[in-house]
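Asker: So I've got this file, my_file.cif, and it contains mmCIF, C-alpha atoms:
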```cif
data_work
loop_
_atom_site.label_atom_id
_atom_site.label_comp_id
_atom_site.auth_asym_id
_atom_site.auth_seq_id
_atom_site.Cartn_x
_atom_site.Cartn_y
_atom_site.Cartn_z
CA MET A 11 183.16 141.41 203.60
CA ALA A 12 181.88 137.89 203.02
CA GLY A 13 178.99 136.51 205.00
CA GLN A 14 178.45 133.76 207.54
CA LEU A 15 176.54 130.50 207.23
CA ILE A 16 174.65 129.29 210.31
CA TYR A 17 173.60 125.66 209.87
CA ILE A 18 170.91 124.66 212.37
CA VAL A 19 170.29 120.98 213.10
CA GLY A 20 168.43 118.85 215.62
CA PRO A 21 166.25 115.78 215.92
CA SER A 22 162.68 115.64 214.70
CA GLY A 23 160.60 117.08 217.54
CA SER A 24 163.33 119.39 218.84
CA GLY A 25 161.33 122.44 217.76
CA LYS A 26 163.62 123.81 215.03
CA ASP A 27 160.68 124.94 212.88
CA SER A 28 158.98 126.75 215.78
CA LEU A 29 162.29 128.30 216.79
CA LEU A 30 162.98 129.68 213.32
CA GLN A 31 159.39 130.83 212.77
CA SER A 32 159.51 132.85 216.00
CA LEU A 33 162.98 134.18 215.23
CA ALA A 34 161.81 135.33 211.78
CA GLN A 35 159.51 137.86 213.43
CA ASP A 36 162.50 139.74 214.89
CA LEU A 37 165.63 138.88 212.95
CA PRO A 38 168.83 140.87 213.58
CA PRO A 39 169.80 143.11 210.66
CA ASP A 40 171.59 141.45 207.73
CA CYS A 41 170.24 138.01 208.76
CA ILE A 42 168.28 135.80 206.37
CA ILE A 43 166.49 132.49 206.94
CA MET A 44 166.66 130.39 203.78
CA LYS A 45 163.46 128.85 202.43
CA ARG A 46 163.79 125.12 201.76
CA VAL A 47 162.51 123.08 198.83
CA ILE A 48 160.93 119.88 200.19
CA THR A 49 159.30 116.85 198.60
CA ARG A 50 156.67 116.62 201.35
CA GLN A 51 152.98 117.31 200.72
CA GLN A 52 152.30 121.04 200.93
CA ASN A 53 149.66 120.75 203.66
CA SER A 54 152.01 118.80 205.94
CA ILE A 55 154.88 121.28 205.91
CA GLY A 56 155.03 123.26 209.15
CA GLU A 57 157.42 125.86 207.77
CA ASP A 58 157.51 128.39 204.95
CA SER A 59 158.84 126.04 202.28
CA ASP A 60 158.34 125.25 198.61
CA TYR A 61 156.83 121.86 197.76
CA VAL A 62 157.94 119.96 194.65
CA SER A 63 157.51 116.36 193.56
CA MET A 64 160.49 113.99 193.78
CA GLN A 65 160.77 114.07 190.00
CA GLU A 66 160.87 117.87 189.98
CA PHE A 67 163.44 117.85 192.78
CA LYS A 68 165.74 115.47 190.89
CA GLN A 69 165.50 117.69 187.82
CA MET A 70 166.38 120.77 189.88
CA GLU A 71 169.37 118.89 191.30
CA ALA A 72 170.49 117.86 187.82
CA ASN A 73 170.18 121.48 186.67
CA GLY A 74 172.46 122.66 189.48
CA GLU A 75 169.77 124.79 191.12
CA PHE A 76 170.77 123.91 194.69
CA ALA A 77 173.68 125.16 196.76
CA MET A 78 173.10 122.10 198.97
CA SER A 79 170.67 119.19 198.98
CA TRP A 80 170.14 116.09 201.06
CA HIS A 81 167.75 113.19 201.66
CA ALA A 82 166.32 112.21 205.05
CA ASN A 83 163.39 110.09 206.24
CA GLY A 84 162.24 109.41 202.68
CA LEU A 85 162.16 113.10 201.72
CA ALA A 86 164.48 115.36 199.75
CA TYR A 87 165.51 118.85 200.85
CA GLY A 88 167.22 121.58 198.86
CA ILE A 89 168.62 125.07 199.44
CA GLY A 90 168.71 127.33 196.40
CA LYS A 91 171.87 128.82 194.87
CA VAL A 92 170.74 132.23 196.12
CA LEU A 93 172.41 131.15 199.38
CA ASP A 94 175.83 131.83 197.86
CA ARG A 95 174.72 135.24 196.61
CA HIS A 96 173.55 136.21 200.11
CA LEU A 97 176.90 135.14 201.56
CA ALA A 98 178.80 137.09 198.90
CA GLN A 99 176.78 140.16 199.90
CA GLY A 100 177.94 139.83 203.50
CA LYS A 101 174.72 138.44 204.96
CA MET A 102 174.39 136.03 207.85
CA VAL A 103 172.36 133.16 206.42
CA LEU A 104 170.48 130.59 208.53
CA VAL A 105 169.75 127.15 207.09
CA ASN A 106 167.44 124.59 208.69
CA GLY A 107 169.52 121.51 207.96
CA SER A 108 170.12 117.82 208.60
CA ARG A 109 172.60 116.29 211.02
CA SER A 110 173.57 113.67 208.44
CA TYR A 111 174.64 116.45 206.04
CA CYS A 112 176.96 118.28 208.47
CA SER A 113 180.15 116.78 207.04
CA HIS A 114 179.21 117.96 203.55
CA VAL A 115 178.46 121.44 204.87
CA SER A 116 181.85 121.69 206.59
CA GLN A 117 183.49 120.82 203.26
CA LEU A 118 181.36 123.16 201.14
CA TYR A 119 181.50 126.04 203.64
CA PRO A 120 184.64 125.55 205.78
CA GLY A 121 183.79 128.33 208.25
CA ALA A 122 180.15 127.39 208.85
CA ILE A 123 178.83 127.67 212.40
CA PHE A 124 176.66 124.76 213.54
CA VAL A 125 173.78 125.23 215.98
CA LEU A 126 172.73 121.96 217.62
CA VAL A 127 169.16 122.20 218.91
CA SER A 128 168.40 119.62 221.58
CA VAL A 129 165.67 118.77 224.07
CA LYS A 130 165.56 116.46 227.06
CA PRO A 131 164.85 112.83 225.97
CA GLU A 132 161.56 112.50 227.87
CA LEU A 133 160.24 115.76 226.44
CA LEU A 134 161.28 114.69 222.94
CA ARG A 135 159.44 111.42 223.48
CA GLN A 136 156.27 113.30 224.50
CA ARG A 137 156.47 115.55 221.45
CA LEU A 138 156.92 112.62 219.07
CA ILE A 139 153.97 110.77 220.63
CA ALA A 140 151.78 113.89 220.36
CA ARG A 141 152.72 114.25 216.69
CA GLY A 142 151.25 110.80 216.04
CA ARG A 143 153.35 109.87 213.01
CA GLU A 144 155.12 106.83 214.49
CA SER A 145 154.41 103.87 216.74
CA LEU A 146 155.83 103.73 220.27
CA GLN A 147 158.40 101.18 219.12
CA GLU A 148 159.51 103.43 216.26
CA ILE A 149 159.75 106.38 218.64
CA THR A 150 161.89 104.37 221.06
CA LEU A 151 164.26 103.39 218.25
CA ARG A 152 164.38 107.00 217.03
CA LEU A 153 165.32 108.23 220.51
CA GLU A 154 168.11 105.65 220.77
CA ARG A 155 169.50 106.68 217.37
CA ASN A 156 169.21 110.33 218.33
CA SER A 157 171.25 109.86 221.51
CA CYS A 158 174.03 108.11 219.60
CA LEU A 159 174.02 110.65 216.77
CA GLU A 160 174.20 113.64 219.11
CA GLN A 161 177.26 112.20 220.83
CA VAL A 162 178.92 111.35 217.52
CA LEU A 163 178.29 114.88 216.20
CA GLN A 164 179.68 116.60 219.27
CA ASN A 165 182.79 114.42 219.19
CA LYS A 166 183.25 115.06 215.47
CA PHE A 167 182.88 118.83 215.84
CA SER A 168 185.38 118.89 218.69
CA LEU A 169 187.93 116.69 216.91
CA GLN A 170 187.68 118.72 213.68
CA ASN A 171 187.72 122.01 215.61
CA LEU A 172 184.44 123.09 214.04
CA HIS A 173 182.59 126.00 215.54
CA PHE A 174 179.31 124.93 217.14
CA PHE A 175 176.80 126.15 219.70
CA GLN A 176 174.40 123.86 221.56
CA LEU A 177 170.94 125.26 222.25
CA ASP A 178 168.67 123.49 224.74
CA ASN A 179 165.08 123.99 223.59
CA SER A 180 163.49 122.05 226.48
CA GLY A 181 162.05 125.12 228.16
CA ASP A 182 160.12 128.19 227.09
CA LEU A 183 160.31 128.75 223.33
CA GLN A 184 160.77 132.50 223.60
CA HIS A 185 163.71 131.99 225.95
CA SER A 186 165.36 129.76 223.33
CA VAL A 187 164.61 132.33 220.61
CA ALA A 188 166.19 135.07 222.72
CA GLN A 189 169.29 132.92 223.30
CA LEU A 190 169.70 132.26 219.59
CA ARG A 191 169.10 135.89 218.64
CA ASN A 192 171.69 137.03 221.17
CA ARG A 193 174.20 134.55 219.77
CA LEU A 194 173.54 135.76 216.21
CA GLU A 195 174.21 139.35 217.28
CA ILE A 196 177.53 138.28 218.83
CA TRP A 197 178.52 136.54 215.61
CA LEU A 198 177.41 139.54 213.55
CA HIS A 199 179.61 141.75 215.69
CA GLY A 200 182.48 139.37 215.06
CA MET A 201 181.88 139.63 211.30
CA GLU A 202 182.07 143.42 211.52
CA ARG A 203 185.40 143.24 213.37
CA ALA A 204 187.02 140.68 211.11
CA ASP A 205 187.60 141.19 207.39
CA SER A 206 187.57 137.45 206.74
CA VAL A 207 185.11 134.84 205.53
CA TYR A 208 184.19 133.68 209.01
CA ASP A 209 184.90 134.73 212.56
CA LEU A 210 186.10 131.73 214.58
CA SER A 211 187.27 133.68 217.62
CA ILE A 212 184.21 132.83 219.73
CA LYS A 213 184.31 129.33 221.16
CA GLU A 214 181.41 127.77 223.04
#
```
Is it possible to express this structure as C-alpha coordinates?

Answerer:
Amino acid sequence: MAGQLIYIVGPSGSGKDSLLQSLAQDLPPDCIIMKRVITRQQNSIGEDSDYVSMQEFKQMEANGEFAMSWHANGLAYGIGKVLDRHLAQGKMVLVNGSRSYCSHVSQLYPGAIFVLVSVKPELLRQRLIARGRESLQEITLRLERNSCLEQVLQNKFSLQNLHFFQLDNSGDLQHSVAQLRNRLEIWLHGMERADSVYDLSIKE
(Lines of atoms letter the chains of each structure in order from A and count residues from 1; the text may use other names and numbers.)
(Lines give C-alpha, C1' and ligand atoms only; values in the text may rest on other atoms or scores of the structure.)
Protein backbone atom coordinates (compact mmCIF):
# COMPACT_ATOMS: atom_id res chain seq x y z
CA MET A 1 0.00 0.00 0.00
CA ALA A 2 1.37 3.40 -0.96
CA GLY A 3 1.35 6.27 1.48
CA GLN A 4 -0.34 9.65 1.76
CA LEU A 5 1.13 13.14 1.51
CA ILE A 6 -0.36 15.81 3.79
CA TYR A 7 0.77 19.27 2.66
CA ILE A 8 0.19 21.88 5.37
CA VAL A 9 0.11 25.56 4.43
CA GLY A 10 -0.87 28.87 5.99
CA PRO A 11 0.22 32.48 6.32
CA SER A 12 3.19 33.56 8.39
CA GLY A 13 1.87 33.90 11.93
CA SER A 14 -0.83 31.24 11.56
CA GLY A 15 1.01 28.98 14.01
CA LYS A 16 1.97 26.11 11.68
CA ASP A 17 5.32 25.57 13.43
CA SER A 18 3.72 25.47 16.89
CA LEU A 19 0.99 23.17 15.60
CA LEU A 20 3.45 20.67 14.13
CA GLN A 21 5.80 20.83 17.13
CA SER A 22 2.93 19.97 19.47
CA LEU A 23 1.62 17.28 17.13
CA ALA A 24 5.08 15.68 16.97
CA GLN A 25 4.82 14.79 20.66
CA ASP A 26 1.88 12.46 19.96
CA LEU A 27 1.84 11.48 16.30
CA PRO A 28 -0.53 8.73 15.13
CA PRO A 29 1.27 5.53 14.10
CA ASP A 30 2.83 5.48 10.63
CA CYS A 31 2.89 9.30 10.49
CA ILE A 32 6.07 11.27 9.83
CA ILE A 33 6.74 15.02 9.88
CA MET A 34 9.40 15.87 7.30
CA LYS A 35 12.35 18.01 8.37
CA ARG A 36 12.93 20.98 6.07
CA VAL A 37 16.18 22.38 4.72
CA ILE A 38 16.06 26.19 5.02
CA THR A 39 18.44 29.00 4.09
CA ARG A 40 17.58 30.98 7.23
CA GLN A 41 20.08 31.56 10.04
CA GLN A 42 20.09 28.58 12.41
CA ASN A 43 19.25 30.63 15.51
CA SER A 44 16.16 32.15 13.88
CA ILE A 45 14.50 28.89 12.87
CA GLY A 46 11.61 28.05 15.18
CA GLU A 47 11.32 24.46 13.97
CA ASP A 48 13.50 21.37 13.79
CA SER A 49 15.14 22.16 10.45
CA ASP A 50 18.52 21.95 8.77
CA TYR A 51 20.24 25.25 7.92
CA VAL A 52 22.33 25.59 4.76
CA SER A 53 23.66 28.60 2.88
CA MET A 54 21.98 29.65 -0.37
CA GLN A 55 25.00 28.36 -2.28
CA GLU A 56 24.75 24.97 -0.58
CA PHE A 57 21.01 24.86 -1.23
CA LYS A 58 21.47 25.54 -4.96
CA GLN A 59 24.05 22.77 -5.13
CA MET A 60 21.69 20.34 -3.41
CA GLU A 61 18.97 21.31 -5.88
CA ALA A 62 21.33 20.78 -8.81
CA ASN A 63 22.27 17.36 -7.41
CA GLY A 64 18.62 16.31 -7.27
CA GLU A 65 18.60 15.91 -3.50
CA PHE A 66 15.11 17.37 -3.02
CA ALA A 67 11.73 15.80 -3.66
CA MET A 68 10.35 19.36 -3.65
CA SER A 69 11.82 22.83 -3.19
CA TRP A 70 10.52 26.38 -3.29
CA HIS A 71 11.47 29.99 -2.59
CA ALA A 72 9.46 32.38 -0.41
CA ASN A 73 10.17 35.68 1.34
CA GLY A 74 13.81 35.66 0.25
CA LEU A 75 14.47 32.15 1.61
CA ALA A 76 14.74 28.72 0.02
CA TYR A 77 13.07 25.60 1.39
CA GLY A 78 13.67 21.97 0.48
CA ILE A 79 12.24 18.55 1.33
CA GLY A 80 14.62 15.63 0.93
CA LYS A 81 14.11 12.69 -1.45
CA VAL A 82 13.50 10.47 1.58
CA LEU A 83 9.91 11.77 1.32
CA ASP A 84 9.29 9.45 -1.64
CA ARG A 85 10.76 6.50 0.23
CA HIS A 86 8.42 7.10 3.17
CA LEU A 87 5.43 7.24 0.82
CA ALA A 88 6.53 4.03 -0.92
CA GLN A 89 6.63 2.37 2.51
CA GLY A 90 3.01 3.30 3.14
CA LYS A 91 3.61 6.14 5.58
CA MET A 92 1.50 9.24 6.02
CA VAL A 93 3.95 12.10 5.54
CA LEU A 94 3.34 15.68 6.71
CA VAL A 95 5.12 18.56 4.98
CA ASN A 96 5.17 22.14 6.25
CA GLY A 97 4.80 23.87 2.90
CA SER A 98 4.13 27.08 1.00
CA ARG A 99 0.84 28.23 -0.47
CA SER A 100 2.60 29.41 -3.62
CA TYR A 101 3.88 25.86 -4.22
CA CYS A 102 0.50 24.10 -3.98
CA SER A 103 0.03 23.82 -7.75
CA HIS A 104 3.40 22.10 -8.09
CA VAL A 105 2.53 19.70 -5.28
CA SER A 106 -0.77 18.73 -6.93
CA GLN A 107 1.17 17.91 -10.11
CA LEU A 108 3.99 16.01 -8.37
CA TYR A 109 1.66 14.16 -5.97
CA PRO A 110 -1.81 14.06 -7.57
CA GLY A 111 -3.56 12.66 -4.49
CA ALA A 112 -2.03 15.01 -1.92
CA ILE A 113 -4.30 16.30 0.83
CA PHE A 114 -3.92 20.01 1.63
CA VAL A 115 -4.43 21.38 5.14
CA LEU A 116 -5.06 25.14 5.14
CA VAL A 117 -4.20 26.63 8.53
CA SER A 118 -5.89 29.97 9.11
CA VAL A 119 -6.45 32.47 11.92
CA LYS A 120 -8.77 35.43 12.29
CA PRO A 121 -7.28 38.56 10.61
CA GLU A 122 -7.07 40.63 13.81
CA LEU A 123 -5.32 37.82 15.68
CA LEU A 124 -2.90 37.35 12.78
CA ARG A 125 -2.18 41.07 12.87
CA GLN A 126 -1.41 40.89 16.62
CA ARG A 127 0.92 37.93 16.12
CA LEU A 128 2.82 39.65 13.31
CA ILE A 129 3.22 42.83 15.38
CA ALA A 130 4.47 40.81 18.37
CA ARG A 131 7.02 39.06 16.14
CA GLY A 132 8.53 42.46 15.33
CA ARG A 133 9.98 41.60 11.91
CA GLU A 134 7.93 44.06 9.83
CA SER A 135 6.59 47.60 10.00
CA LEU A 136 2.87 48.23 10.49
CA GLN A 137 2.57 49.18 6.83
CA GLU A 138 4.24 45.95 5.74
CA ILE A 139 1.96 43.97 8.04
CA THR A 140 -1.13 45.66 6.60
CA LEU A 141 -0.01 44.81 3.06
CA ARG A 142 0.76 41.23 4.11
CA LEU A 143 -2.73 40.83 5.58
CA GLU A 144 -4.33 42.14 2.38
CA ARG A 145 -2.30 39.72 0.26
CA ASN A 146 -3.13 36.89 2.64
CA SER A 147 -6.88 37.49 2.35
CA CYS A 148 -6.70 37.43 -1.45
CA LEU A 149 -4.46 34.37 -1.55
CA GLU A 150 -6.67 32.36 0.80
CA GLN A 151 -9.70 32.99 -1.39
CA VAL A 152 -7.79 32.16 -4.57
CA LEU A 153 -6.53 28.89 -3.03
CA GLN A 154 -9.94 27.77 -1.86
CA ASN A 155 -11.45 28.51 -5.26
CA LYS A 156 -8.62 26.68 -7.02
CA PHE A 157 -8.92 23.61 -4.80
CA SER A 158 -12.68 23.47 -5.33
CA LEU A 159 -12.46 23.93 -9.11
CA GLN A 160 -9.73 21.29 -9.45
CA ASN A 161 -11.54 18.94 -7.05
CA LEU A 162 -8.49 18.75 -4.79
CA HIS A 163 -8.88 17.31 -1.33
CA PHE A 164 -8.39 19.94 1.36
CA PHE A 165 -9.22 20.55 5.01
CA GLN A 166 -9.36 24.01 6.59
CA LEU A 167 -8.12 24.26 10.17
CA ASP A 168 -8.89 27.40 12.19
CA ASN A 169 -6.00 27.94 14.60
CA SER A 170 -7.45 31.09 16.21
CA GLY A 171 -8.23 29.42 19.52
CA ASP A 172 -6.45 27.12 21.92
CA LEU A 173 -3.43 25.44 20.31
CA GLN A 174 -4.10 22.05 21.86
CA HIS A 175 -7.63 22.10 20.49
CA SER A 176 -6.23 22.68 16.99
CA VAL A 177 -3.68 19.89 17.51
CA ALA A 178 -6.44 17.52 18.59
CA GLN A 179 -8.51 18.43 15.51
CA LEU A 180 -5.59 17.77 13.18
CA ARG A 181 -4.65 14.52 14.90
CA ASN A 182 -8.24 13.30 14.65
CA ARG A 183 -8.31 14.14 10.95
CA LEU A 184 -5.03 12.26 10.39
CA GLU A 185 -6.48 9.18 12.06
CA ILE A 186 -9.53 9.34 9.77
CA TRP A 187 -7.28 9.56 6.73
CA LEU A 188 -5.10 6.72 8.02
CA HIS A 189 -8.21 4.59 8.40
CA GLY A 190 -9.12 5.44 4.82
CA MET A 191 -5.66 4.31 3.67
CA GLU A 192 -6.15 0.97 5.41
CA ARG A 193 -9.50 0.44 3.68
CA ALA A 194 -8.35 1.43 0.21
CA ASP A 195 -5.58 -0.33 -1.71
CA SER A 196 -4.82 2.78 -3.74
CA VAL A 197 -2.34 5.63 -3.67
CA TYR A 198 -4.69 8.03 -1.93
CA ASP A 199 -8.11 7.88 -0.33
CA LEU A 200 -10.29 10.68 -1.72
CA SER A 201 -13.58 9.43 -0.28
CA ILE A 202 -13.63 11.93 2.59
CA LYS A 203 -14.71 15.40 1.53
CA GLU A 204 -14.62 18.40 3.83

Asker: So, counting only C-alpha atoms, which residue among A:Phe175, A:Trp197, A:Phe167, A:Trp80 is closest to A:Val127?

Answerer: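 Nearest candidate to A:Val127 out of A:Phe175, A:Trp197, A:Phe167, A:Trp80: A:Phe175.
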
Asker: Nearest residue to A:Ile149 out of A:Pro131, A:Asp40, A:Ala34, A:Gln164, using all atoms listed in the file?

Answerer: A:Pro131

Asker: Determine the residue set returned by the PyMOL selection byres ((chain A and resi 63) around 9) for the present structure, and present it as JSON, numbers by chain.

Answerer: {"A": [48, 49, 50, 51, 61, 62, 64, 65, 66, 67, 68]}

Asker: Of the candidates A:Gly25, A:Asn83, A:Asp94, A:Met44, which one gets nearest to A:Leu138 if we count only C-alpha atoms?

Answerer: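 For A:Leu138, the nearest of the candidates is A:Gly25.
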
Asker: Atom CA of A:Lys45 and atom CA of A:Ser24 are how many Å apart?

Answerer: 18.9 Å

Asker: What is the atom CA of A:Met78 to atom CA of A:Leu15 distance in Å?

Answerer: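 Separating atom CA of A:Met78 from atom CA of A:Leu15 is a distance of 12.3 Å.
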
Asker: At a cut-off of 6 Å from (166.6, 120.9, 198.0) in the coordinates of the file, what residues are picked up using all atoms listed in the file, written as a ChimeraX atom specification?

Answerer: /A:47,79,87-89

Asker: Kindly indicate which residue among A:Ala188, A:Leu118, A:Ala77, A:Ala86 lies nearest to A:Ser32, using all atoms listed in the file for the distances.

Answerer: A:Ala188

Asker: Taking the file as I've supplied it (selection: the PyMOL selection byres ((chain A and resi 129) around 9)), which residues are included? Please answer as a list in words.

Answerer: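 What the PyMOL selection byres ((chain A and resi 129) around 9) grabs from the file is Gly20, Pro21, Gly23, Ser24, Gly25, Val127, Ser128, Lys130, Pro131, Glu132, Leu133, Leu134, Leu177, Asp178, Asn179, Ser180 and Gly181 of chain A.
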
Asker: When distances are computed from all atoms listed in the file, which of A:His96, A:Arg191, A:His199, A:Arg141 shows the smallest separation from A:Asp36?

Answerer: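 With all atoms listed in the file as the atom set, the closest residue is A:Arg191.
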
Asker: Atom CA of A:Phe174 to atom CA of A:Lys26: how many Å, to one decimal?

Answerer: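 Those two atoms sit 15.9 Å apart.
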
Asker: Rank A:Ser108, A:Gly13, A:Asp60, A:Gln176 by their smallest atom-to-atom distance to A:Met201, using only C-alpha atoms, and report the top residue only.

Answerer: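 Among the listed residues, the smallest separation from A:Met201 belongs to A:Gly13.
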
Asker: Got a sec: who's within 10 Å of A:Leu194, counting only C-alpha atoms, leaving out chain neighbours fewer than 2 positions off, as a PyMOL selection string?

Answerer: chain A and resi 16+37-39+41+102+104+188-192+196-200

Asker: Using all atoms listed in the file, list the residues that have an atom at most 12 Å from (184.3, 124.1, 210.9), coordinates as in the file, as a ChimeraX atom specification.

Answerer: /A:14-17,112-125,166-175,208-210,213
